[in-house]
Protein chains: 2
Amino acid sequence: MSTLNPDAPEPLYEQLATILRERIRTGEIPPRRALPSNRRLTLDYGVARGTALHAVAILVEEGWAYSVPGRGVFSVADNDRPDRR
Amino acid sequence: MSTLNPDAPEPLYEQLATILRERIRTGEIPPRRALPSNRRLTLDYGVARGTALHAVAILVEEGWAYSVPGRGVFSVADNDRPDRR
DNA sequence: TGAAATTTGTGCGTATGTATT
DNA sequence: GAATACATACGCACAAATTTC
(Lines give C-alpha, C1' and ligand atoms only; values in the text may rest on other atoms or scores of the structure.)
Protein backbone atom coordinates (compact mmCIF):
# COMPACT_ATOMS: atom_id res chain seq x y z
CA MET A 1 0.00 0.00 0.00
CA SER A 2 1.24 3.44 -0.88
CA THR A 3 2.09 5.59 2.04
CA LEU A 4 2.57 9.30 2.47
CA ASN A 5 5.84 11.06 2.93
CA PRO A 6 5.70 14.02 5.32
CA ASP A 7 9.16 15.12 4.20
CA ALA A 8 8.33 15.28 0.51
CA PRO A 9 7.90 18.69 -1.06
CA GLU A 10 4.35 17.84 -2.14
CA PRO A 11 1.70 18.49 0.50
CA LEU A 12 0.09 15.45 2.13
CA TYR A 13 -3.29 16.28 0.63
CA GLU A 14 -1.74 16.26 -2.84
CA GLN A 15 0.02 12.98 -2.25
CA LEU A 16 -3.21 11.43 -1.02
CA ALA A 17 -5.16 12.84 -3.95
CA THR A 18 -2.65 11.28 -6.32
CA ILE A 19 -2.97 7.89 -4.64
CA LEU A 20 -6.76 7.95 -4.75
CA ARG A 21 -6.79 9.20 -8.33
CA GLU A 22 -4.62 6.25 -9.34
CA ARG A 23 -6.84 3.83 -7.47
CA ILE A 24 -9.77 5.10 -9.49
CA ARG A 25 -7.93 5.38 -12.78
CA THR A 26 -6.57 1.84 -12.59
CA GLY A 27 -9.93 0.39 -11.68
CA GLU A 28 -8.94 -0.70 -8.21
CA ILE A 29 -11.88 1.45 -7.21
CA PRO A 30 -14.49 0.62 -9.87
CA PRO A 31 -16.90 3.18 -11.34
CA ARG A 32 -19.72 4.27 -9.05
CA ARG A 33 -18.10 2.57 -6.08
CA ALA A 34 -17.68 4.33 -2.78
CA LEU A 35 -14.24 5.62 -1.96
CA PRO A 36 -12.89 4.93 1.51
CA SER A 37 -14.75 7.10 3.98
CA ASN A 38 -13.14 10.14 5.43
CA ARG A 39 -12.71 8.26 8.68
CA ARG A 40 -11.05 5.32 6.92
CA LEU A 41 -8.65 7.60 5.10
CA THR A 42 -7.54 9.19 8.34
CA LEU A 43 -6.93 5.75 9.83
CA ASP A 44 -5.29 4.19 6.77
CA TYR A 45 -3.04 7.09 5.90
CA GLY A 46 -2.53 8.68 9.27
CA VAL A 47 -3.67 12.15 8.32
CA ALA A 48 -6.11 14.58 9.87
CA ARG A 49 -9.72 14.86 8.72
CA GLY A 50 -9.09 18.14 7.03
CA THR A 51 -6.23 16.73 5.05
CA ALA A 52 -8.31 13.80 3.78
CA LEU A 53 -11.19 16.15 2.98
CA HIS A 54 -8.84 18.33 0.99
CA ALA A 55 -7.57 15.38 -1.03
CA VAL A 56 -11.06 14.16 -1.87
CA ALA A 57 -12.19 17.69 -2.72
CA ILE A 58 -9.48 17.77 -5.37
CA LEU A 59 -10.77 14.57 -6.96
CA VAL A 60 -14.30 15.93 -6.93
CA GLU A 61 -13.18 19.16 -8.54
CA GLU A 62 -11.21 17.25 -11.15
CA GLY A 63 -14.27 15.15 -11.95
CA TRP A 64 -13.03 11.80 -10.68
CA ALA A 65 -15.59 11.54 -7.92
CA TYR A 66 -18.76 13.02 -6.54
CA SER A 67 -19.96 13.18 -2.98
CA VAL A 68 -23.37 12.49 -1.48
CA PRO A 69 -23.86 13.90 2.03
CA GLY A 70 -24.75 11.19 4.49
CA ARG A 71 -23.75 8.46 2.04
CA GLY A 72 -20.20 8.84 0.89
CA VAL A 73 -17.97 9.80 -1.99
CA PHE A 74 -18.24 7.76 -5.17
CA SER A 75 -16.11 7.33 -8.25
CA VAL A 76 -17.77 8.67 -11.37
CA ALA A 77 -19.34 6.47 -14.02
CA ASP A 78 -16.98 5.16 -16.65
CA ASN A 79 -18.33 7.57 -19.28
CA ASP A 80 -17.76 10.56 -17.05
CA ARG A 81 -14.11 9.95 -16.35
CA PRO A 82 -11.95 13.03 -17.02
CA ASP A 83 -9.34 11.08 -18.97
CA ARG A 84 -11.97 10.14 -21.50
CA ARG A 85 -12.42 13.70 -22.66
CA MET B 1 -17.88 46.74 -0.50
CA SER B 2 -14.76 47.77 1.36
CA THR B 3 -11.62 46.13 0.21
CA LEU B 4 -8.18 45.71 1.70
CA ASN B 5 -5.10 47.56 0.65
CA PRO B 6 -1.90 45.50 0.83
CA ASP B 7 0.17 48.65 0.37
CA ALA B 8 -1.35 50.54 3.29
CA PRO B 9 0.71 50.90 6.45
CA GLU B 10 -1.95 49.11 8.52
CA PRO B 11 -1.69 45.32 8.54
CA LEU B 12 -4.34 43.41 6.63
CA TYR B 13 -5.73 41.87 9.81
CA GLU B 14 -6.21 45.35 11.26
CA GLN B 15 -7.91 46.62 8.14
CA LEU B 16 -10.22 43.63 8.15
CA ALA B 17 -10.93 44.02 11.85
CA THR B 18 -11.89 47.65 11.23
CA ILE B 19 -14.26 46.67 8.44
CA LEU B 20 -15.96 43.99 10.51
CA ARG B 21 -16.14 46.26 13.56
CA GLU B 22 -17.93 48.86 11.44
CA ARG B 23 -20.30 46.27 10.07
CA ILE B 24 -21.26 45.37 13.62
CA ARG B 25 -21.29 48.92 14.94
CA THR B 26 -23.55 50.18 12.16
CA GLY B 27 -25.93 47.28 12.53
CA GLU B 28 -25.19 45.77 9.15
CA ILE B 29 -24.39 42.71 11.22
CA PRO B 30 -27.16 42.73 13.86
CA PRO B 31 -26.63 41.70 17.50
CA ARG B 32 -26.23 37.97 18.10
CA ARG B 33 -25.90 37.32 14.40
CA ALA B 34 -23.14 35.14 13.02
CA LEU B 35 -20.23 36.92 11.45
CA PRO B 36 -19.06 35.73 8.03
CA SER B 37 -17.30 32.41 8.48
CA ASN B 38 -13.57 32.20 8.30
CA ARG B 39 -13.90 30.58 4.90
CA ARG B 40 -16.15 33.36 3.63
CA LEU B 41 -13.76 36.01 4.85
CA THR B 42 -10.85 34.40 3.02
CA LEU B 43 -12.92 34.28 -0.17
CA ASP B 44 -14.47 37.74 0.14
CA TYR B 45 -11.34 39.60 1.16
CA GLY B 46 -8.64 37.49 -0.44
CA VAL B 47 -6.64 36.86 2.69
CA ALA B 48 -5.25 33.74 4.29
CA ARG B 49 -7.06 31.85 7.02
CA GLY B 50 -4.68 33.03 9.67
CA THR B 51 -5.18 36.65 8.71
CA ALA B 52 -8.97 36.36 8.93
CA LEU B 53 -8.69 34.52 12.23
CA HIS B 54 -6.47 37.28 13.56
CA ALA B 55 -8.96 39.97 12.58
CA VAL B 56 -11.86 38.19 14.25
CA ALA B 57 -9.76 37.48 17.34
CA ILE B 58 -9.30 41.22 17.73
CA LEU B 59 -13.05 41.80 17.68
CA VAL B 60 -13.54 39.08 20.27
CA GLU B 61 -10.89 40.57 22.50
CA GLU B 62 -12.43 44.01 22.12
CA GLY B 63 -15.81 42.63 23.08
CA TRP B 64 -17.57 43.05 19.77
CA ALA B 65 -18.03 39.35 19.21
CA TYR B 66 -17.85 35.98 20.89
CA SER B 67 -17.19 32.56 19.47
CA VAL B 68 -19.12 29.34 20.03
CA PRO B 69 -17.14 26.15 19.46
CA GLY B 70 -18.45 24.18 16.51
CA ARG B 71 -20.85 26.95 15.52
CA GLY B 72 -19.20 30.19 14.66
CA VAL B 73 -18.49 33.72 15.84
CA PHE B 74 -21.39 35.98 16.78
CA SER B 75 -21.82 39.68 17.36
CA VAL B 76 -22.53 40.50 21.00
CA ALA B 77 -25.95 41.44 22.32
CA ASP B 78 -26.85 45.10 22.07
CA ASN B 79 -26.34 45.66 25.79
CA ASP B 80 -22.87 44.20 25.72
CA ARG B 81 -21.48 46.43 23.01
CA PRO B 82 -18.20 48.08 23.99
CA ASP B 83 -19.29 51.53 22.78
CA ARG B 84 -22.10 51.49 25.29
CA ARG B 85 -19.79 51.60 28.24
C1' DT C 1 -41.39 4.06 15.22
C1' DG C 2 -37.14 5.74 16.83
C1' DA C 3 -32.51 5.59 18.51
C1' DA C 4 -27.75 4.91 17.31
C1' DA C 5 -24.05 4.86 14.16
C1' DT C 6 -21.87 6.54 9.85
C1' DT C 7 -20.59 9.96 6.61
C1' DT C 8 -20.10 14.37 4.64
C1' DG C 9 -19.82 19.27 5.42
C1' DT C 10 -18.73 23.23 8.06
C1' DG C 11 -16.95 25.88 11.92
C1' DC C 12 -13.12 27.62 15.08
C1' DG C 13 -8.44 27.19 17.51
C1' DT C 14 -3.76 26.09 17.34
C1' DA C 15 0.93 24.96 15.72
C1' DT C 16 4.56 24.91 12.36
C1' DG C 17 7.28 26.30 8.38
C1' DT C 18 8.46 29.65 4.86
C1' DA C 19 8.96 34.15 2.84
C1' DT C 20 8.98 39.07 3.11
C1' DT C 21 9.66 43.51 5.13
C1' DG D 1 15.33 40.04 15.47
C1' DA D 2 10.29 41.18 15.09
C1' DA D 3 5.96 41.62 12.71
C1' DT D 4 3.20 40.36 8.92
C1' DA D 5 1.23 37.02 5.74
C1' DC D 6 0.67 32.72 3.45
C1' DA D 7 0.22 27.56 3.28
C1' DT D 8 -0.05 23.36 5.49
C1' DA D 9 -1.65 20.25 9.08
C1' DC D 10 -3.43 18.85 13.37
C1' DG D 11 -7.52 18.67 16.61
C1' DC D 12 -12.18 19.22 18.27
C1' DA D 13 -17.25 20.54 17.97
C1' DC D 14 -21.86 21.02 15.69
C1' DA D 15 -25.14 20.00 11.96
C1' DA D 16 -27.67 17.42 8.45
C1' DA D 17 -28.46 13.32 5.67
C1' DT D 18 -28.44 8.53 5.49
C1' DT D 19 -28.20 3.86 6.98
C1' DT D 20 -28.72 0.33 10.32
C1' DC D 21 -30.71 -1.91 14.14
# chains A, B, ... in the order shown; residues from 1 in each chain; ligands from 1
$ select_by_dssp --residues "chain B" --states "alpha helix (DSSP H)" --output "PyMOL selection string"
chain B and resi 12-25+38-45+49-62
$ closest_atom_pairs --of "chain B" --to "chain D" --cutoff "7 Å" --atoms "only C-alpha atoms (C1' of nucleotides)" --output "JSON lines"
{"residue": "B:Pro11", "atom": "CA", "partner": "D:DT4", "partner_atom": "C1'", "distance": 7.0}
{"residue": "B:Ala48", "atom": "CA", "partner": "D:DC6", "partner_atom": "C1'", "distance": 6.1}
{"residue": "B:Pro69", "atom": "CA", "partner": "D:DA13", "partner_atom": "C1'", "distance": 5.8}
{"residue": "B:Gly70", "atom": "CA", "partner": "D:DA13", "partner_atom": "C1'", "distance": 4.1}
{"residue": "B:Arg71", "atom": "CA", "partner": "D:DC14", "partner_atom": "C1'", "distance": 6.0}
$ closest_residue --among "B:Gly50, B:Arg23, B:Ala77, B:Ala65" --to "DT14 (chain C)" --atoms "only C-alpha atoms (C1' of nucleotides)"
B:Gly50
$ interface_residues --of "chain C" --to "chain B" --cutoff "9 Å" --atoms "only C-alpha atoms (C1' of nucleotides)" --output "ChimeraX atom specification"
/C:10-13
